[in-house]
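Shown next: data_38.cif, given as mmCIF, N, CA and C atoms.
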```cif
data_query
#
loop_
_atom_site.label_atom_id
_atom_site.label_comp_id
_atom_site.auth_asym_id
_atom_site.auth_seq_id
_atom_site.Cartn_x
_atom_site.Cartn_y
_atom_site.Cartn_z
N MET A 467 -12.35 -20.91 7.06
CA MET A 467 -11.15 -21.61 6.68
C MET A 467 -9.99 -21.04 7.49
N GLN A 468 -9.23 -21.89 8.12
CA GLN A 468 -8.07 -21.48 8.91
C GLN A 468 -6.81 -21.74 8.08
N LEU A 469 -6.05 -20.70 7.79
CA LEU A 469 -4.82 -20.84 7.03
C LEU A 469 -3.62 -20.74 7.96
N SER A 470 -2.60 -21.50 7.66
CA SER A 470 -1.36 -21.41 8.44
C SER A 470 -0.29 -20.74 7.59
N PHE A 471 0.35 -19.79 8.17
CA PHE A 471 1.45 -19.11 7.51
C PHE A 471 2.76 -19.42 8.24
N GLN A 472 2.74 -20.49 9.01
CA GLN A 472 3.92 -20.94 9.75
C GLN A 472 5.09 -21.13 8.79
N ASP A 473 6.28 -20.73 9.20
CA ASP A 473 7.49 -20.87 8.39
C ASP A 473 7.43 -20.11 7.07
N ARG A 474 6.68 -19.05 7.01
CA ARG A 474 6.59 -18.19 5.84
C ARG A 474 7.06 -16.79 6.23
N THR A 475 7.69 -16.11 5.29
CA THR A 475 8.20 -14.76 5.53
C THR A 475 7.54 -13.80 4.54
N TYR A 476 6.99 -12.71 5.08
CA TYR A 476 6.30 -11.72 4.26
C TYR A 476 6.83 -10.33 4.54
N LEU A 477 6.80 -9.52 3.52
CA LEU A 477 7.18 -8.12 3.59
C LEU A 477 5.91 -7.30 3.39
N VAL A 478 5.64 -6.36 4.29
CA VAL A 478 4.43 -5.55 4.19
C VAL A 478 4.83 -4.08 4.18
N THR A 479 4.57 -3.41 3.05
CA THR A 479 4.85 -1.99 2.98
C THR A 479 3.69 -1.24 3.63
N GLY A 480 3.98 -0.05 4.13
CA GLY A 480 2.96 0.72 4.82
C GLY A 480 2.53 0.06 6.12
N GLY A 481 3.44 -0.71 6.71
CA GLY A 481 3.12 -1.51 7.88
C GLY A 481 3.05 -0.76 9.19
N GLY A 482 3.33 0.53 9.19
CA GLY A 482 3.31 1.29 10.43
C GLY A 482 1.93 1.72 10.87
N SER A 483 0.94 1.63 9.98
CA SER A 483 -0.40 2.06 10.34
C SER A 483 -1.42 1.51 9.34
N GLY A 484 -2.67 1.70 9.65
CA GLY A 484 -3.76 1.40 8.74
C GLY A 484 -3.83 -0.03 8.25
N ILE A 485 -4.12 -0.16 6.96
CA ILE A 485 -4.29 -1.48 6.35
C ILE A 485 -3.01 -2.29 6.44
N GLY A 486 -1.86 -1.67 6.21
CA GLY A 486 -0.59 -2.40 6.28
C GLY A 486 -0.35 -3.01 7.65
N LYS A 487 -0.62 -2.24 8.70
CA LYS A 487 -0.45 -2.76 10.05
C LYS A 487 -1.44 -3.88 10.34
N ALA A 488 -2.66 -3.74 9.87
CA ALA A 488 -3.67 -4.78 10.06
C ALA A 488 -3.28 -6.07 9.34
N VAL A 489 -2.77 -5.95 8.12
CA VAL A 489 -2.31 -7.13 7.39
C VAL A 489 -1.15 -7.79 8.11
N ALA A 490 -0.19 -6.98 8.57
CA ALA A 490 0.96 -7.52 9.29
C ALA A 490 0.52 -8.24 10.56
N THR A 491 -0.44 -7.66 11.27
CA THR A 491 -0.97 -8.28 12.48
C THR A 491 -1.60 -9.62 12.17
N GLY A 492 -2.42 -9.66 11.13
CA GLY A 492 -3.07 -10.91 10.74
C GLY A 492 -2.09 -11.98 10.33
N LEU A 493 -1.08 -11.60 9.56
CA LEU A 493 -0.06 -12.57 9.14
C LEU A 493 0.72 -13.11 10.33
N ALA A 494 1.13 -12.21 11.22
CA ALA A 494 1.89 -12.64 12.41
C ALA A 494 1.03 -13.53 13.29
N ASP A 495 -0.25 -13.19 13.42
CA ASP A 495 -1.16 -14.00 14.23
C ASP A 495 -1.34 -15.40 13.63
N ALA A 496 -1.22 -15.50 12.30
CA ALA A 496 -1.35 -16.78 11.62
C ALA A 496 -0.02 -17.55 11.56
N GLY A 497 1.02 -17.01 12.21
CA GLY A 497 2.29 -17.73 12.31
C GLY A 497 3.40 -17.28 11.41
N ALA A 498 3.16 -16.25 10.60
CA ALA A 498 4.19 -15.78 9.68
C ALA A 498 5.24 -14.92 10.37
N SER A 499 6.40 -14.85 9.76
CA SER A 499 7.42 -13.86 10.10
C SER A 499 7.17 -12.68 9.17
N VAL A 500 6.96 -11.51 9.74
CA VAL A 500 6.54 -10.36 8.95
C VAL A 500 7.53 -9.22 9.15
N MET A 501 8.02 -8.67 8.05
CA MET A 501 8.85 -7.47 8.11
C MET A 501 8.00 -6.32 7.58
N ILE A 502 7.78 -5.32 8.44
CA ILE A 502 7.01 -4.16 8.00
C ILE A 502 7.97 -3.06 7.55
N VAL A 503 7.53 -2.30 6.58
CA VAL A 503 8.35 -1.26 5.97
C VAL A 503 7.55 0.04 5.93
N GLY A 504 8.23 1.12 6.16
CA GLY A 504 7.63 2.44 6.06
C GLY A 504 8.72 3.48 6.22
N ARG A 505 8.37 4.75 6.08
CA ARG A 505 9.37 5.81 6.16
C ARG A 505 9.67 6.26 7.58
N ASN A 506 8.74 6.05 8.51
CA ASN A 506 8.89 6.57 9.86
C ASN A 506 9.29 5.46 10.83
N ALA A 507 10.56 5.45 11.24
CA ALA A 507 11.07 4.39 12.12
C ALA A 507 10.34 4.34 13.46
N ASP A 508 9.99 5.49 14.01
CA ASP A 508 9.28 5.51 15.30
C ASP A 508 7.90 4.88 15.17
N ARG A 509 7.20 5.19 14.10
CA ARG A 509 5.88 4.61 13.87
C ARG A 509 5.99 3.10 13.67
N LEU A 510 7.01 2.66 12.94
CA LEU A 510 7.21 1.23 12.71
C LEU A 510 7.52 0.51 14.03
N ALA A 511 8.39 1.12 14.84
CA ALA A 511 8.72 0.52 16.13
C ALA A 511 7.48 0.40 17.01
N GLY A 512 6.64 1.41 16.98
CA GLY A 512 5.39 1.37 17.74
C GLY A 512 4.46 0.27 17.25
N ALA A 513 4.39 0.12 15.93
CA ALA A 513 3.54 -0.94 15.36
C ALA A 513 4.06 -2.32 15.77
N VAL A 514 5.38 -2.50 15.73
CA VAL A 514 5.97 -3.78 16.14
C VAL A 514 5.63 -4.05 17.61
N ALA A 515 5.78 -3.05 18.47
CA ALA A 515 5.48 -3.23 19.89
C ALA A 515 4.00 -3.59 20.09
N GLU A 516 3.14 -2.93 19.34
CA GLU A 516 1.70 -3.21 19.45
C GLU A 516 1.38 -4.63 19.00
N ILE A 517 1.95 -5.05 17.88
CA ILE A 517 1.69 -6.40 17.38
C ILE A 517 2.26 -7.45 18.33
N GLU A 518 3.49 -7.21 18.81
CA GLU A 518 4.08 -8.16 19.76
C GLU A 518 3.28 -8.24 21.05
N GLY A 519 2.64 -7.14 21.44
CA GLY A 519 1.80 -7.13 22.64
C GLY A 519 0.60 -8.04 22.53
N LEU A 520 0.20 -8.36 21.31
CA LEU A 520 -0.91 -9.27 21.08
C LEU A 520 -0.48 -10.74 21.17
N GLN A 521 0.81 -10.95 21.35
CA GLN A 521 1.41 -12.28 21.46
C GLN A 521 1.05 -13.19 20.28
N PRO A 522 1.41 -12.75 19.07
CA PRO A 522 1.10 -13.57 17.90
C PRO A 522 1.96 -14.83 17.88
N SER A 523 1.53 -15.83 17.13
CA SER A 523 2.33 -17.05 17.01
C SER A 523 3.52 -16.86 16.07
N GLY A 524 3.48 -15.82 15.25
CA GLY A 524 4.61 -15.50 14.37
C GLY A 524 5.44 -14.38 14.97
N SER A 525 6.29 -13.78 14.15
CA SER A 525 7.15 -12.71 14.63
C SER A 525 7.09 -11.53 13.67
N VAL A 526 7.52 -10.39 14.18
CA VAL A 526 7.48 -9.17 13.36
C VAL A 526 8.72 -8.33 13.67
N ARG A 527 9.23 -7.71 12.64
CA ARG A 527 10.32 -6.74 12.79
C ARG A 527 10.12 -5.67 11.73
N TYR A 528 10.95 -4.64 11.78
CA TYR A 528 10.74 -3.54 10.83
C TYR A 528 12.05 -3.08 10.21
N GLU A 529 11.91 -2.44 9.06
CA GLU A 529 13.00 -1.78 8.34
C GLU A 529 12.45 -0.47 7.79
N PRO A 530 13.01 0.66 8.20
CA PRO A 530 12.57 1.91 7.61
C PRO A 530 13.08 2.03 6.18
N ALA A 531 12.22 2.46 5.29
CA ALA A 531 12.61 2.64 3.88
C ALA A 531 11.52 3.41 3.16
N ASP A 532 11.91 4.08 2.10
CA ASP A 532 10.98 4.77 1.21
C ASP A 532 10.81 3.89 -0.02
N VAL A 533 9.61 3.35 -0.22
CA VAL A 533 9.40 2.40 -1.31
C VAL A 533 9.42 3.06 -2.69
N THR A 534 9.56 4.39 -2.74
CA THR A 534 9.72 5.04 -4.04
C THR A 534 11.19 5.10 -4.46
N ASN A 535 12.08 4.61 -3.59
CA ASN A 535 13.52 4.60 -3.87
C ASN A 535 13.94 3.15 -4.15
N GLU A 536 14.34 2.88 -5.37
CA GLU A 536 14.67 1.52 -5.79
C GLU A 536 15.78 0.89 -4.96
N ASP A 537 16.80 1.67 -4.61
CA ASP A 537 17.90 1.13 -3.80
C ASP A 537 17.42 0.72 -2.40
N GLU A 538 16.54 1.52 -1.82
CA GLU A 538 16.01 1.18 -0.50
C GLU A 538 15.12 -0.06 -0.57
N VAL A 539 14.35 -0.20 -1.63
CA VAL A 539 13.52 -1.39 -1.80
C VAL A 539 14.40 -2.62 -1.92
N ALA A 540 15.47 -2.54 -2.69
CA ALA A 540 16.39 -3.67 -2.83
C ALA A 540 17.01 -4.05 -1.48
N ARG A 541 17.36 -3.05 -0.69
CA ARG A 541 17.93 -3.30 0.64
C ARG A 541 16.94 -4.00 1.55
N VAL A 542 15.69 -3.55 1.53
CA VAL A 542 14.66 -4.14 2.40
C VAL A 542 14.34 -5.57 1.96
N VAL A 543 14.24 -5.80 0.68
CA VAL A 543 13.98 -7.16 0.18
C VAL A 543 15.13 -8.08 0.59
N ALA A 544 16.36 -7.60 0.47
CA ALA A 544 17.52 -8.40 0.89
C ALA A 544 17.48 -8.69 2.38
N ALA A 545 17.10 -7.70 3.19
CA ALA A 545 17.02 -7.90 4.65
C ALA A 545 15.93 -8.91 5.00
N ALA A 546 14.78 -8.80 4.36
CA ALA A 546 13.68 -9.74 4.63
C ALA A 546 14.05 -11.15 4.22
N THR A 547 14.72 -11.28 3.09
CA THR A 547 15.13 -12.59 2.60
C THR A 547 16.20 -13.19 3.50
N ALA A 548 17.13 -12.39 3.95
CA ALA A 548 18.21 -12.88 4.82
C ALA A 548 17.70 -13.33 6.18
N TRP A 549 16.60 -12.75 6.64
CA TRP A 549 16.05 -13.06 7.95
C TRP A 549 15.78 -14.54 8.12
N HIS A 550 15.13 -15.17 7.13
CA HIS A 550 14.83 -16.60 7.20
C HIS A 550 15.27 -17.37 5.95
N GLY A 551 16.03 -16.71 5.10
CA GLY A 551 16.55 -17.38 3.92
C GLY A 551 15.61 -17.41 2.73
N ARG A 552 14.45 -16.78 2.88
CA ARG A 552 13.50 -16.74 1.76
C ARG A 552 12.45 -15.67 2.01
N LEU A 553 11.79 -15.29 0.95
CA LEU A 553 10.69 -14.33 1.03
C LEU A 553 9.51 -14.96 0.28
N ASP A 554 8.42 -15.19 0.99
CA ASP A 554 7.28 -15.90 0.40
C ASP A 554 6.24 -14.98 -0.21
N GLY A 555 6.24 -13.72 0.19
CA GLY A 555 5.24 -12.83 -0.39
C GLY A 555 5.45 -11.39 0.05
N VAL A 556 4.81 -10.50 -0.70
CA VAL A 556 4.86 -9.07 -0.41
C VAL A 556 3.44 -8.53 -0.48
N VAL A 557 3.09 -7.70 0.49
CA VAL A 557 1.81 -7.01 0.47
C VAL A 557 2.13 -5.52 0.42
N HIS A 558 1.71 -4.88 -0.66
CA HIS A 558 2.02 -3.46 -0.84
C HIS A 558 0.83 -2.63 -0.36
N SER A 559 1.02 -1.96 0.77
CA SER A 559 -0.04 -1.13 1.34
C SER A 559 0.42 0.30 1.58
N ALA A 560 1.57 0.66 1.06
CA ALA A 560 2.07 2.02 1.25
C ALA A 560 1.17 2.99 0.50
N GLY A 561 0.84 4.09 1.16
CA GLY A 561 -0.05 5.08 0.55
C GLY A 561 0.73 6.02 -0.27
#
```
Can you present the structure in this file as structure tokens?
Amino acid sequence: MQLSFQDRTYLVTGGGSGIGKAVATGLADAGASVMIVGRNADRLAGAVAEIEGLQPSGSVRYEPADVTNEDEVARVVAAATAWHGRLDGVVHSAG
């Protein structure tokens, strides 16, 4: 089954590596706009560069944040929502 995530925006925690990065890659490849979140900005930037290097049909960007901090989570959700005017889903993969 081929799913389209075109015109959808997703937030993926733990997106700098492992399962989170794999989920973000899959979503972007399926056409979604994906915002990855994690504590390490350099790791997130590297993940974005790696995903963009695969030339996905969607897009990816990052926001550094600690998901154990409620204020930072609110900021990231607001940033993801502002990006395209809505947030369609969240995948929590932060370890």
Starting from the PyMOL selection byres (((chain A and resi 523-538 and name CA) around 6) and name CA), expand the selection into actual residues of this file and give them as a ChimeraX atom specification.
/A:494-495,497-505,507,522,539-541
Counting only N, CA and C atoms, the residue of A:Leu477, A:Val542, A:Ala496, A:Thr491 that sits nearest Glu518 of chain A:
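Going through A:Leu477, A:Val542, A:Ala496, A:Thr491 one by one, the smallest distance to Glu518 of chain A is for A:Thr491.
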Show which residues sit within 7 Å of Ala560 of chain A, as an MDAnalysis selection string. Count all atoms listed in the file, and ignore same-chain residues fewer than 5 positions away.
chainID A and resid 478:481 486
One number please: atom N of Leu553 of chain A to atom CA of Asp473 of chain A, in Å, one decimal.
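Spanning atom N of Leu553 of chain A to atom CA of Asp473 of chain A is a straight-line distance of 10.2 Å.
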Chain A: which residues are strand (DSSP E or B) by DSSP, as a VMD selection string?
chain A and resid 475 to 479 499 to 504 525 to 530 555 to 558
Where does DSSP see helix (DSSP H, G or I) in chain A, if you list the residues as number ranges by chain?
A: 484-495, 507-519, 536-550
Ala513 of chain A environment, 7 Å, only C-alpha atoms, sequence neighbours closer than 4 positions dropped, as a list in words
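My reading of the contact set: Gly482, Lys487, Arg509 and Ile517 of chain A.
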Find the distance between atom CA of Tyr476 of chain A and atom CA of Val543 of chain A and write it in Å to one decimal.
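The value is 9.8 Å.
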Adding 4 Å on each side of the box along x, y and z that holds all listed atoms of segment 492-495 of chain A, could you give its centre and edge lengths in Å to one decimal, as AutoDock Vina command-line options?
```
--center_x -0.6 --center_y -12.5 --center_z 11.7 --size_x 13.0 --size_y 13.7 --size_z 13.1
```
Find the residue from A:Gly519, A:Ala511, A:Leu493, A:Gly484 that sits nearest to Gln472 of chain A; use all atoms listed in the file when measuring.
A:Leu493
Atomic separation - atom CA of Thr475 of chain A relative to atom CA of Asp554 of chain A, Å
5.3 Å
From A:Val514, A:Ala544, A:Ile485, A:Asp508, residue lying nearest His558 of chain A [all atoms listed in the file]
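Using all atoms listed in the file, the shortest distance to His558 of chain A belongs to A:Ile485.
Nearest residue to Leu510 of chain A among A:Leu469, A:Ser483, A:Gly551, A:Arg474 is A:Ser483, counting all atoms listed in the file.
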